[in-house]
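> My structure file start_23.tsv, TSV, N, CA and C atoms, is below:
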```tsv
chain	number	residue	atom	x	y	z
A	210	GLN	N	233.36	71.38	84.41
A	210	GLN	CA	234.28	72.05	85.32
A	210	GLN	C	234.64	73.42	84.75
A	211	VAL	N	234.64	74.41	85.61
A	211	VAL	CA	234.99	75.78	85.22
A	211	VAL	C	236.03	76.30	86.20
A	212	GLN	N	237.08	76.87	85.66
A	212	GLN	CA	238.08	77.53	86.49
A	212	GLN	C	238.03	79.03	86.22
A	213	LEU	N	238.10	79.80	87.30
A	213	LEU	CA	237.95	81.25	87.21
A	213	LEU	C	239.19	81.94	87.77
A	214	VAL	N	239.67	82.94	87.05
A	214	VAL	CA	240.83	83.70	87.49
A	214	VAL	C	240.52	85.19	87.38
A	215	GLU	N	240.54	85.87	88.53
A	215	GLU	CA	240.28	87.31	88.56
A	215	GLU	C	241.57	88.10	88.38
A	216	SER	N	241.43	89.30	87.87
A	216	SER	CA	242.55	90.22	87.75
A	216	SER	C	242.01	91.64	87.73
A	217	GLY	N	242.93	92.61	87.87
A	217	GLY	CA	242.54	94.00	87.75
A	217	GLY	C	242.42	94.75	89.06
A	218	GLY	N	242.59	94.05	90.17
A	218	GLY	CA	242.54	94.74	91.45
A	218	GLY	C	243.75	95.63	91.66
A	219	GLY	N	243.70	96.43	92.71
A	219	GLY	CA	244.82	97.31	93.00
A	219	GLY	C	244.43	98.39	93.98
A	220	LEU	N	245.30	99.39	94.07
A	220	LEU	CA	245.10	100.53	94.96
A	220	LEU	C	244.66	101.73	94.14
A	221	VAL	N	243.59	102.38	94.60
A	221	VAL	CA	243.05	103.53	93.89
A	221	VAL	C	242.54	104.54	94.91
A	222	GLN	N	242.58	105.81	94.55
A	222	GLN	CA	242.06	106.83	95.45
A	222	GLN	C	240.54	106.89	95.36
A	223	ALA	N	239.93	107.36	96.41
A	223	ALA	CA	238.48	107.53	96.42
A	223	ALA	C	238.06	108.41	95.23
A	224	GLY	N	236.97	107.99	94.58
A	224	GLY	CA	236.51	108.70	93.40
A	224	GLY	C	237.05	108.13	92.10
A	225	GLY	N	238.04	107.27	92.21
A	225	GLY	CA	238.65	106.67	91.04
A	225	GLY	C	237.89	105.46	90.52
A	226	SER	N	238.49	104.82	89.52
A	226	SER	CA	237.85	103.68	88.86
A	226	SER	C	238.81	102.51	88.74
A	227	LEU	N	238.24	101.32	88.69
A	227	LEU	CA	238.97	100.10	88.40
A	227	LEU	C	238.07	99.20	87.58
A	228	ARG	N	238.69	98.36	86.77
A	228	ARG	CA	237.94	97.37	86.01
A	228	ARG	C	238.49	95.99	86.34
A	229	LEU	N	237.65	95.18	86.95
A	229	LEU	CA	238.04	93.82	87.26
A	229	LEU	C	237.66	92.89	86.11
A	230	SER	N	238.50	91.90	85.90
A	230	SER	CA	238.22	90.90	84.88
A	230	SER	C	238.22	89.52	85.51
A	231	CYS	N	237.44	88.64	84.94
A	231	CYS	CA	237.39	87.25	85.39
A	231	CYS	C	237.42	86.39	84.14
A	232	ALA	N	238.51	85.65	83.99
A	232	ALA	CA	238.67	84.77	82.84
A	232	ALA	C	238.28	83.35	83.22
A	233	ALA	N	237.47	82.73	82.41
A	233	ALA	CA	236.97	81.39	82.70
A	233	ALA	C	237.50	80.39	81.70
A	234	SER	N	237.80	79.22	82.19
A	234	SER	CA	238.16	78.11	81.33
A	234	SER	C	236.91	77.28	81.07
A	235	GLY	N	236.94	76.42	80.09
A	235	GLY	CA	235.78	75.59	79.82
A	235	GLY	C	235.04	76.04	78.59
A	236	ARG	N	234.50	75.11	77.87
A	236	ARG	CA	233.85	75.40	76.59
A	236	ARG	C	232.43	75.88	76.74
A	237	THR	N	231.83	75.74	77.92
A	237	THR	CA	230.42	76.10	78.09
A	237	THR	C	230.23	77.33	78.95
A	238	PHE	N	231.20	78.24	78.88
A	238	PHE	CA	231.12	79.44	79.71
A	238	PHE	C	229.81	80.18	79.49
A	239	SER	N	229.34	80.23	78.27
A	239	SER	CA	228.15	81.02	77.96
A	239	SER	C	226.91	80.47	78.65
A	240	ALA	N	226.97	79.24	79.15
A	240	ALA	CA	225.83	78.63	79.81
A	240	ALA	C	225.78	78.93	81.31
A	241	TYR	N	226.76	79.68	81.80
A	241	TYR	CA	226.84	79.98	83.22
A	241	TYR	C	226.45	81.43	83.49
A	242	SER	N	225.62	81.60	84.50
A	242	SER	CA	225.41	82.93	85.03
A	242	SER	C	226.59	83.27	85.93
A	243	MET	N	226.95	84.53	85.97
A	243	MET	CA	228.15	84.94	86.67
A	243	MET	C	227.85	86.00	87.72
A	244	GLY	N	228.58	85.92	88.81
A	244	GLY	CA	228.40	86.91	89.87
A	244	GLY	C	229.73	87.42	90.38
A	245	TRP	N	229.69	88.60	90.96
A	245	TRP	CA	230.82	89.17	91.68
A	245	TRP	C	230.40	89.32	93.15
A	246	PHE	N	231.28	88.90	94.02
A	246	PHE	CA	231.09	89.05	95.46
A	246	PHE	C	232.33	89.72	96.03
A	247	ARG	N	232.22	90.20	97.26
A	247	ARG	CA	233.38	90.79	97.92
A	247	ARG	C	233.35	90.45	99.39
A	248	GLN	N	234.55	90.49	99.98
A	248	GLN	CA	234.67	90.13	101.39
A	248	GLN	C	235.77	90.95	102.05
A	249	THR	N	235.48	91.44	103.25
A	249	THR	CA	236.46	92.11	104.08
A	249	THR	C	236.69	91.27	105.33
A	250	PRO	N	237.85	91.42	105.97
A	250	PRO	CA	238.17	90.61	107.15
A	250	PRO	C	237.10	90.71	108.23
A	251	GLY	N	236.67	89.56	108.72
A	251	GLY	CA	235.71	89.54	109.80
A	251	GLY	C	234.27	89.64	109.36
A	252	LYS	N	234.06	89.77	108.05
A	252	LYS	CA	232.70	89.89	107.54
A	252	LYS	C	232.40	88.77	106.57
A	253	GLU	N	231.12	88.51	106.39
A	253	GLU	CA	230.71	87.51	105.42
A	253	GLU	C	230.87	88.05	104.00
A	254	ARG	N	231.06	87.12	103.08
A	254	ARG	CA	231.13	87.50	101.68
A	254	ARG	C	229.77	88.06	101.26
A	255	GLU	N	229.79	89.18	100.53
A	255	GLU	CA	228.53	89.80	100.13
A	255	GLU	C	228.43	89.93	98.62
A	256	PHE	N	227.20	89.85	98.16
A	256	PHE	CA	226.91	89.98	96.73
A	256	PHE	C	227.17	91.40	96.26
A	257	VAL	N	227.73	91.52	95.07
A	257	VAL	CA	227.99	92.82	94.47
A	257	VAL	C	227.17	92.99	93.19
A	258	ALA	N	227.33	92.03	92.26
A	258	ALA	CA	226.64	92.14	90.97
A	258	ALA	C	226.54	90.76	90.34
A	259	GLY	N	225.54	90.59	89.46
A	259	GLY	CA	225.38	89.32	88.76
A	259	GLY	C	224.79	89.55	87.38
A	260	ILE	N	225.02	88.56	86.50
A	260	ILE	CA	224.51	88.66	85.15
A	260	ILE	C	224.02	87.28	84.70
A	261	SER	N	222.81	87.23	84.20
A	261	SER	CA	222.20	85.98	83.79
A	261	SER	C	222.70	85.54	82.42
A	262	TRP	N	222.95	84.23	82.27
A	262	TRP	CA	223.41	83.74	80.97
A	262	TRP	C	222.26	83.66	79.97
A	263	ILE	N	221.03	83.52	80.47
A	263	ILE	CA	219.89	83.36	79.56
A	263	ILE	C	219.42	84.72	79.03
A	264	SER	N	219.14	85.62	79.93
A	264	SER	CA	218.52	86.89	79.55
A	264	SER	C	219.51	88.04	79.41
A	265	GLY	N	220.69	87.86	80.03
A	265	GLY	CA	221.62	88.97	80.06
A	265	GLY	C	221.25	90.01	81.10
A	266	ARG	N	220.19	89.73	81.85
A	266	ARG	CA	219.77	90.69	82.87
A	266	ARG	C	220.84	90.81	83.93
A	267	THR	N	220.99	92.03	84.43
A	267	THR	CA	221.99	92.30	85.46
A	267	THR	C	221.34	92.63	86.79
A	268	TYR	N	222.07	92.34	87.85
A	268	TYR	CA	221.59	92.57	89.21
A	268	TYR	C	222.71	93.23	90.01
A	269	TYR	N	222.32	94.12	90.91
A	269	TYR	CA	223.30	94.84	91.70
A	269	TYR	C	222.88	94.96	93.15
A	270	ALA	N	223.86	94.97	94.02
A	270	ALA	CA	223.61	95.34	95.40
A	270	ALA	C	223.29	96.83	95.45
A	271	ASP	N	222.45	97.21	96.39
A	271	ASP	CA	222.06	98.62	96.51
A	271	ASP	C	223.29	99.51	96.70
A	272	SER	N	224.28	99.01	97.39
A	272	SER	CA	225.46	99.82	97.72
A	272	SER	C	226.30	100.18	96.50
A	273	VAL	N	226.11	99.48	95.38
A	273	VAL	CA	226.93	99.75	94.21
A	273	VAL	C	226.12	100.20	93.00
A	274	LYS	N	224.81	100.23	93.11
A	274	LYS	CA	223.97	100.64	91.98
A	274	LYS	C	224.34	102.04	91.51
A	275	GLY	N	224.45	102.18	90.20
A	275	GLY	CA	224.80	103.47	89.63
A	275	GLY	C	226.29	103.72	89.58
A	276	ARG	N	227.09	102.88	90.25
A	276	ARG	CA	228.55	103.07	90.25
A	276	ARG	C	229.27	101.90	89.56
A	277	PHE	N	228.75	100.70	89.73
A	277	PHE	CA	229.38	99.51	89.18
A	277	PHE	C	228.55	98.97	88.01
A	278	THR	N	229.24	98.36	87.05
A	278	THR	CA	228.58	97.75	85.91
A	278	THR	C	229.20	96.39	85.63
A	279	ILE	N	228.36	95.37	85.57
A	279	ILE	CA	228.82	94.04	85.23
A	279	ILE	C	228.53	93.78	83.75
A	280	SER	N	229.45	93.12	83.09
A	280	SER	CA	229.24	92.77	81.69
A	280	SER	C	229.98	91.47	81.40
A	281	ARG	N	229.69	90.90	80.25
A	281	ARG	CA	230.35	89.65	79.90
A	281	ARG	C	230.63	89.61	78.40
A	282	ASP	N	231.66	88.86	78.05
A	282	ASP	CA	232.01	88.65	76.66
A	282	ASP	C	232.18	87.15	76.49
A	283	ASN	N	231.15	86.49	75.97
A	283	ASN	CA	231.19	85.03	75.86
A	283	ASN	C	232.27	84.57	74.89
A	284	ALA	N	232.56	85.38	73.89
A	284	ALA	CA	233.59	85.00	72.93
A	284	ALA	C	234.96	84.95	73.59
A	285	LYS	N	235.15	85.74	74.64
A	285	LYS	CA	236.42	85.77	75.36
A	285	LYS	C	236.35	85.00	76.67
A	286	ASN	N	235.23	84.34	76.93
A	286	ASN	CA	235.06	83.60	78.19
A	286	ASN	C	235.39	84.48	79.39
A	287	SER	N	234.86	85.69	79.38
A	287	SER	CA	235.21	86.63	80.44
A	287	SER	C	234.00	87.41	80.94
A	288	VAL	N	234.08	87.80	82.18
A	288	VAL	CA	233.11	88.69	82.79
A	288	VAL	C	233.88	89.83	83.44
A	289	TYR	N	233.28	91.00	83.44
A	289	TYR	CA	233.97	92.20	83.91
A	289	TYR	C	233.13	92.92	84.96
A	290	LEU	N	233.82	93.69	85.78
A	290	LEU	CA	233.15	94.56	86.74
A	290	LEU	C	233.82	95.93	86.64
A	291	GLN	N	233.12	96.86	86.02
A	291	GLN	CA	233.60	98.23	85.95
A	291	GLN	C	233.15	98.96	87.21
A	292	MET	N	234.12	99.48	87.96
A	292	MET	CA	233.82	100.13	89.22
A	292	MET	C	234.22	101.59	89.14
A	293	ASN	N	233.24	102.46	89.23
A	293	ASN	CA	233.47	103.90	89.18
A	293	ASN	C	233.11	104.54	90.51
A	294	SER	N	233.56	105.76	90.70
A	294	SER	CA	233.26	106.51	91.93
A	294	SER	C	233.52	105.67	93.17
A	295	LEU	N	234.67	105.07	93.20
A	295	LEU	CA	234.99	104.15	94.30
A	295	LEU	C	235.08	104.88	95.63
A	296	LYS	N	234.67	104.16	96.66
A	296	LYS	CA	234.67	104.68	98.02
A	296	LYS	C	235.56	103.79	98.90
A	297	PRO	N	236.07	104.33	99.99
A	297	PRO	CA	236.88	103.49	100.89
A	297	PRO	C	236.13	102.23	101.34
A	298	GLU	N	234.84	102.31	101.49
A	298	GLU	CA	234.07	101.14	101.93
A	298	GLU	C	233.96	100.06	100.85
A	299	ASP	N	234.42	100.35	99.65
A	299	ASP	CA	234.48	99.32	98.60
A	299	ASP	C	235.73	98.44	98.74
A	300	THR	N	236.61	98.81	99.64
A	300	THR	CA	237.82	98.02	99.86
A	300	THR	C	237.46	96.60	100.29
A	301	ALA	N	237.97	95.62	99.57
A	301	ALA	CA	237.65	94.21	99.84
A	301	ALA	C	238.41	93.33	98.87
A	302	VAL	N	238.35	92.04	99.13
A	302	VAL	CA	238.76	91.06	98.14
A	302	VAL	C	237.53	90.74	97.29
A	303	TYR	N	237.68	90.85	95.99
A	303	TYR	CA	236.58	90.63	95.07
A	303	TYR	C	236.73	89.27	94.40
A	304	TYR	N	235.64	88.53	94.38
A	304	TYR	CA	235.61	87.18	93.81
A	304	TYR	C	234.58	87.11	92.69
A	305	CYS	N	234.91	86.40	91.64
A	305	CYS	CA	233.88	86.08	90.67
A	305	CYS	C	233.45	84.64	90.87
A	306	ALA	N	232.22	84.34	90.48
A	306	ALA	CA	231.64	83.02	90.71
A	306	ALA	C	230.72	82.67	89.55
A	307	ALA	N	230.54	81.36	89.36
A	307	ALA	CA	229.72	80.87	88.25
A	307	ALA	C	228.70	79.87	88.74
A	308	VAL	N	227.54	79.90	88.12
A	308	VAL	CA	226.48	78.94	88.45
A	308	VAL	C	225.72	78.63	87.16
A	309	LYS	N	225.33	77.35	87.04
A	309	LYS	CA	224.61	76.90	85.85
A	309	LYS	C	223.19	76.54	86.26
A	310	ALA	N	222.25	77.39	85.94
A	310	ALA	CA	220.86	77.14	86.31
A	310	ALA	C	219.95	78.04	85.50
A	311	SER	N	218.70	77.65	85.41
A	311	SER	CA	217.75	78.40	84.60
A	311	SER	C	216.96	79.43	85.39
A	312	ASP	N	217.03	79.37	86.72
A	312	ASP	CA	216.24	80.29	87.54
A	312	ASP	C	217.14	81.21	88.35
A	313	TYR	N	218.13	81.74	87.68
A	313	TYR	CA	219.13	82.59	88.33
A	313	TYR	C	218.49	83.76	89.05
A	314	TYR	N	217.39	84.26	88.51
A	314	TYR	CA	216.74	85.42	89.08
A	314	TYR	C	216.24	85.17	90.50
A	315	ASN	N	216.16	83.91	90.88
A	315	ASN	CA	215.67	83.57	92.22
A	315	ASN	C	216.75	83.62	93.29
A	316	TYR	N	218.02	83.53	92.90
A	316	TYR	CA	219.04	83.40	93.93
A	316	TYR	C	220.37	84.03	93.55
A	317	TYR	N	220.35	85.02	92.70
A	317	TYR	CA	221.60	85.59	92.18
A	317	TYR	C	222.49	86.13	93.30
A	318	ASP	N	221.92	86.48	94.45
A	318	ASP	CA	222.70	87.07	95.52
A	318	ASP	C	223.08	86.07	96.61
A	319	GLN	N	222.83	84.79	96.39
A	319	GLN	CA	223.11	83.77	97.40
A	319	GLN	C	224.40	83.04	97.07
A	320	GLN	N	225.45	83.29	97.80
A	320	GLN	CA	226.74	82.72	97.46
A	320	GLN	C	226.73	81.20	97.52
A	321	ALA	N	225.92	80.62	98.39
A	321	ALA	CA	225.90	79.16	98.52
A	321	ALA	C	225.41	78.46	97.25
A	322	ARG	N	224.74	79.19	96.39
A	322	ARG	CA	224.19	78.58	95.18
A	322	ARG	C	225.20	78.52	94.04
A	323	TYR	N	226.30	79.21	94.16
A	323	TYR	CA	227.29	79.25	93.09
A	323	TYR	C	228.18	78.01	93.15
A	324	ASP	N	228.54	77.52	91.98
A	324	ASP	CA	229.27	76.26	91.89
A	324	ASP	C	230.79	76.45	91.85
A	325	TYR	N	231.24	77.53	91.23
A	325	TYR	CA	232.68	77.72	91.03
A	325	TYR	C	233.07	79.13	91.47
A	326	TRP	N	234.29	79.23	92.01
A	326	TRP	CA	234.80	80.50	92.52
A	326	TRP	C	236.24	80.71	92.07
A	327	GLY	N	236.57	81.98	91.88
A	327	GLY	CA	237.96	82.33	91.64
A	327	GLY	C	238.69	82.51	92.95
A	328	GLN	N	239.97	82.87	92.85
A	328	GLN	CA	240.81	83.00	94.05
A	328	GLN	C	240.71	84.39	94.67
A	329	GLY	N	240.14	85.34	93.95
A	329	GLY	CA	239.95	86.68	94.48
A	329	GLY	C	241.04	87.65	94.07
A	330	THR	N	240.68	88.92	94.03
A	330	THR	CA	241.63	90.00	93.74
A	330	THR	C	241.35	91.15	94.70
A	331	GLN	N	242.42	91.71	95.26
A	331	GLN	CA	242.29	92.75	96.28
A	331	GLN	C	242.04	94.11	95.64
A	332	VAL	N	241.05	94.80	96.15
A	332	VAL	CA	240.77	96.19	95.77
A	332	VAL	C	240.88	97.03	97.03
A	333	THR	N	241.74	98.05	96.97
A	333	THR	CA	241.92	98.95	98.10
A	333	THR	C	241.66	100.37	97.64
A	334	VAL	N	240.74	101.05	98.33
A	334	VAL	CA	240.39	102.42	97.99
A	334	VAL	C	240.82	103.31	99.14
A	335	SER	N	241.73	104.22	98.86
A	335	SER	CA	242.24	105.11	99.90
A	335	SER	C	241.42	106.40	99.94
A	336	SER	N	241.32	106.96	101.12
A	336	SER	CA	240.53	108.19	101.29
A	336	SER	C	241.38	109.42	101.09
```
Could you write out this file's structure as structure tokens?


Amino acid sequence: QVQLVESGGGLVQAGGSLRLSCAASGRTFSAYSMGWFRQTPGKEREFVAGISWISGRTYYADSVKGRFTISRDNAKNSVYLQMNSLKPEDTAVYYCAAVKASDYYNYYDQQARYDYWGQGTQVTVSS
């Protein structure tokens, strides 16, 4: 069982930066691949970024490539999302998620494959 708690959301002007954190409980955090998703009202949750527990390889949605960076610190049971050059269209509730599997590269962007989810943190980017 893994419990996830996001933090770091808030209100920021366009062009600004935020760093989201996701703290995980459980002794086997390092065995989970982690993802960040986001959702706006009336839309489906969409993939933002992911990081493999085996290879450390990172994955990004095209809309955030070059602006967002996902990282993890297994010693702190945490995963982070550094968001730079924020745009109003980045406004959403951001969720972190965990999945335990060896073939993460096959489905890192599929929310249905993730086993655990946090409660979400709101990010609002003003123009």

> As a list of chain:residue names, which residues of segment 256-332 of chain A does DSSP assign to helix (DSSP H, G or I)?

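Across segment 256-332 of chain A, those assigned helix (DSSP H, G or I) are A:Asn283, A:Ala284, A:Lys285, A:Pro297, A:Glu298, A:Asp299, A:Tyr313, A:Tyr314, A:Asn315, A:Gln320, A:Ala321, A:Arg322.
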
> Ser216 of chain A: which residues within 7 Å, counting only C-alpha atoms, same-chain residues fewer than 5 positions away excluded, as a list in words?

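The residues satisfying every condition are Leu229, Ser230, Cys231 and Thr330 of chain A.
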
> Which one of A:Asn315, A:Gln210, A:Thr278, A:Gly218 sits closest to Gly329 of chain A if you count all atoms listed in the file?

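Among the listed residues, the smallest separation from Gly329 of chain A belongs to A:Gly218.
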
> What is the atom CA of Phe246 of chain A to atom C of Tyr304 of chain A distance in Å?

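The value is 4.9 Å.
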
> Please, what distance in Å, to one decimal, runs between atom N of Phe277 of chain A and atom N of Glu298 of chain A?

13.3 Å

> Quick one: residues within 8 Å of Lys309 of chain A, all atoms listed in the file, excluding same-chain residues fewer than 5 positions away - as a ChimeraX atom specification?

/A:240-243,322-325
